[in-house]
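Working notes, beginning with the structure itself.
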Amino acid sequence: MGVEYFRNQYLNIIAIKAKYMSKELAHKYYLVADSYEHEAKWYKIVVMPHVKPGTIDRFLMELEGEVRGRK
């Protein structure tokens, strides 16, 4: 997909650079911004036991659509 991200194998958090997604997509999936006072540079995805695989799949499909639309 070509999206820059950071993942620590010991944490349940994945950070994706904000430039790859709209604020609307981040808000829709309750992603956590690295700043709420300034423009976000990263959005964090917190994967928890109650998050269903289908939700993750839908997010990834929508993210891919946004990435492709920007090329």
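Residue numbers start at 1 in each chain; chains themselves are named A, B, ... in the order of the structure tokens; ligands are numbered from 1 in the order shown.
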Can you build me a table of region 17-47 of chain A residues sitting at most 12 Å from region 51-58 of chain A, with the closest atom pair per residue and its distance in Å to one decimal, using only C-alpha atoms, sorted by chain and residue number, as JSON lines?
```
{"residue": "A:Leu25", "atom": "CA", "partner": "A:Arg58", "partner_atom": "CA", "distance": 10.9}
{"residue": "A:Lys28", "atom": "CA", "partner": "A:Thr55", "partner_atom": "CA", "distance": 11.1}
{"residue": "A:Tyr29", "atom": "CA", "partner": "A:Thr55", "partner_atom": "CA", "distance": 8.6}
{"residue": "A:Tyr30", "atom": "CA", "partner": "A:Val51", "partner_atom": "CA", "distance": 11.6}
{"residue": "A:Leu31", "atom": "CA", "partner": "A:Ile56", "partner_atom": "CA", "distance": 11.9}
{"residue": "A:Ile45", "atom": "CA", "partner": "A:Ile56", "partner_atom": "CA", "distance": 9.8}
{"residue": "A:Val46", "atom": "CA", "partner": "A:Val51", "partner_atom": "CA", "distance": 9.2}
{"residue": "A:Val47", "atom": "CA", "partner": "A:Val51", "partner_atom": "CA", "distance": 6.6}
```
Report task. Within region 1-65 of chain A, find each residue whose DSSP state, derived from the backbone, is helix (DSSP H, G or I), and express the selection as a list of chain:residue names. Result ->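 These are the residues in question: A:Ala18, A:Lys19, A:Tyr20, A:Lys23, A:Glu24, A:Leu25, A:Ala26, A:His27, A:Lys28, A:Pro53, A:Gly54, A:Thr55, A:Ile56, A:Asp57, A:Arg58, A:Phe59, A:Leu60, A:Met61, A:Glu62, A:Leu63, A:Glu64, A:Gly65.
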Requested in this report: Please identify all polymer residues within 9 Å of region 37-42 of chain A, counting only C-alpha atoms, omitting same-chain residues fewer than 4 positions from it, and present them as a PyMOL selection string.
Outcome: chain A and resi 5+15-19+23+32-33
Report task. Just the strand (DSSP E) stuff from region 7-38 of chain A, please, per backbone DSSP, written as a ChimeraX atom specification. Result -> /A:7,13-17,32-33
Query raised in the report: For Val67 (chain A), which residue among A:Met48, A:Ala26, A:Ile13, A:Met21 is the nearest when counting only C-alpha atoms?
Result: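 Of the candidates, the smallest distance to Val67 (chain A) is held by A:Met21.
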Could you list, as a PDB file with C-alpha atoms, in the first residue's frame, every residue within 9 Å of Ser22 (chain A), counting only C-alpha atoms and ignoring same-chain residues fewer than 5 positions away?
```pdb
ATOM      1  CA  HIS A  27     -12.353  10.258  13.143  1.00  0.00           C
ATOM      2  CA  LEU A  63      -7.277   3.731   3.694  1.00  0.00           C
ATOM      3  CA  GLU A  66      -7.673   7.204  -0.069  1.00  0.00           C
TER       4      GLU A  66
END
```
